[in-house]
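Peer 1: structure09.txt (compact mmCIF, C-alpha atoms) pasted underneath:
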```txt
# COMPACT_ATOMS: atom_id res chain seq x y z
CA MET A 1 -109.61 152.35 147.80
CA ASP A 2 -111.19 153.88 144.70
CA VAL A 3 -108.87 154.38 141.76
CA PRO A 4 -110.09 156.33 138.73
CA LEU A 5 -110.27 154.26 135.55
CA TRP A 6 -108.06 156.67 133.64
CA LEU A 7 -105.31 156.34 136.25
CA ALA A 8 -105.49 152.55 136.22
CA LEU A 9 -105.25 152.55 132.41
CA ILE A 10 -102.20 154.80 132.47
CA VAL A 11 -100.45 152.61 135.04
CA VAL A 12 -101.23 149.39 133.17
CA GLY A 13 -100.09 150.89 129.90
CA TRP A 14 -96.85 152.19 131.40
CA LEU A 15 -96.06 148.84 133.02
CA GLY A 16 -96.85 146.97 129.81
CA VAL A 17 -94.54 149.17 127.78
CA LYS A 18 -91.71 148.93 130.30
CA LEU A 19 -91.92 145.15 130.75
CA TRP A 20 -92.77 143.79 127.28
CA ARG A 21 -91.83 146.58 124.82
CA PRO A 22 -94.83 146.19 122.47
CA PRO A 23 -95.45 148.65 119.64
CA TRP A 24 -97.15 151.87 120.75
CA TRP A 25 -100.09 151.38 118.39
CA LEU A 26 -100.86 148.02 120.05
CA VAL A 27 -100.82 149.62 123.50
CA ALA A 28 -103.17 152.36 122.33
CA VAL A 29 -105.60 149.89 120.73
CA LEU A 30 -105.70 147.69 123.84
CA LEU A 31 -106.20 150.59 126.23
CA ILE A 32 -108.88 152.31 124.17
CA GLY A 33 -110.60 148.99 123.48
CA GLY A 34 -110.57 148.09 127.17
CA TYR A 35 -111.96 151.47 128.10
CA LEU A 36 -114.78 151.18 125.59
CA LEU A 37 -115.51 147.58 126.57
CA ALA A 38 -115.77 148.54 130.24
CA ASP A 39 -118.76 150.75 129.41
CA SER A 40 -120.49 148.28 127.10
CA ILE A 41 -123.30 145.79 127.71
CA LEU A 42 -120.63 143.08 128.05
CA ALA A 43 -119.19 144.67 131.20
CA PRO A 44 -121.34 142.64 133.68
CA ALA A 45 -120.34 139.37 131.99
CA ILE A 46 -116.67 140.29 132.06
CA ASP A 47 -116.93 141.37 135.70
CA THR A 48 -118.52 138.05 136.64
CA ALA A 49 -115.81 136.12 134.82
CA ILE A 50 -113.02 138.09 136.48
CA THR A 51 -114.36 138.06 140.05
CA LYS A 52 -115.41 134.42 139.99
```
With the file now loaded, output its structure as structure tokens.
Peer 2:
Amino acid sequence: MDVPLWLALIVVGWLGVKLWRPPWWLVAVLLIGGYLLADSILAPAIDTAITK
């Protein structure tokens, strides 16, 4: 099943806010940072670390 990245980010952000109640600015920084990191040169290294 292919899930668009934007949809996955919305779901993760919504769950994080509902479960842990962090400040909104922290949620925004983490989501934007994760999105930008996913398209960086570090993405293959992160993918290897996660799927290992």
Peer 1: Could you please determine the separation between CA of Ile32 (chain A) and CA of Leu5 (chain A) in Å, to one decimal place?
Peer 2: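 CA of Leu5 (chain A) lies 11.6 Å from CA of Ile32 (chain A).
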Peer 1: Calculate how many Å separate CA of Tyr35 (chain A) from CA of Leu9 (chain A), rounding to one decimal.
Peer 2: 8.0 Å
Peer 1: Hey, can you check how far CA of Val29 (chain A) sits from CA of Asp2 (chain A)?
Peer 2: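 A separation of 24.9 Å between them.
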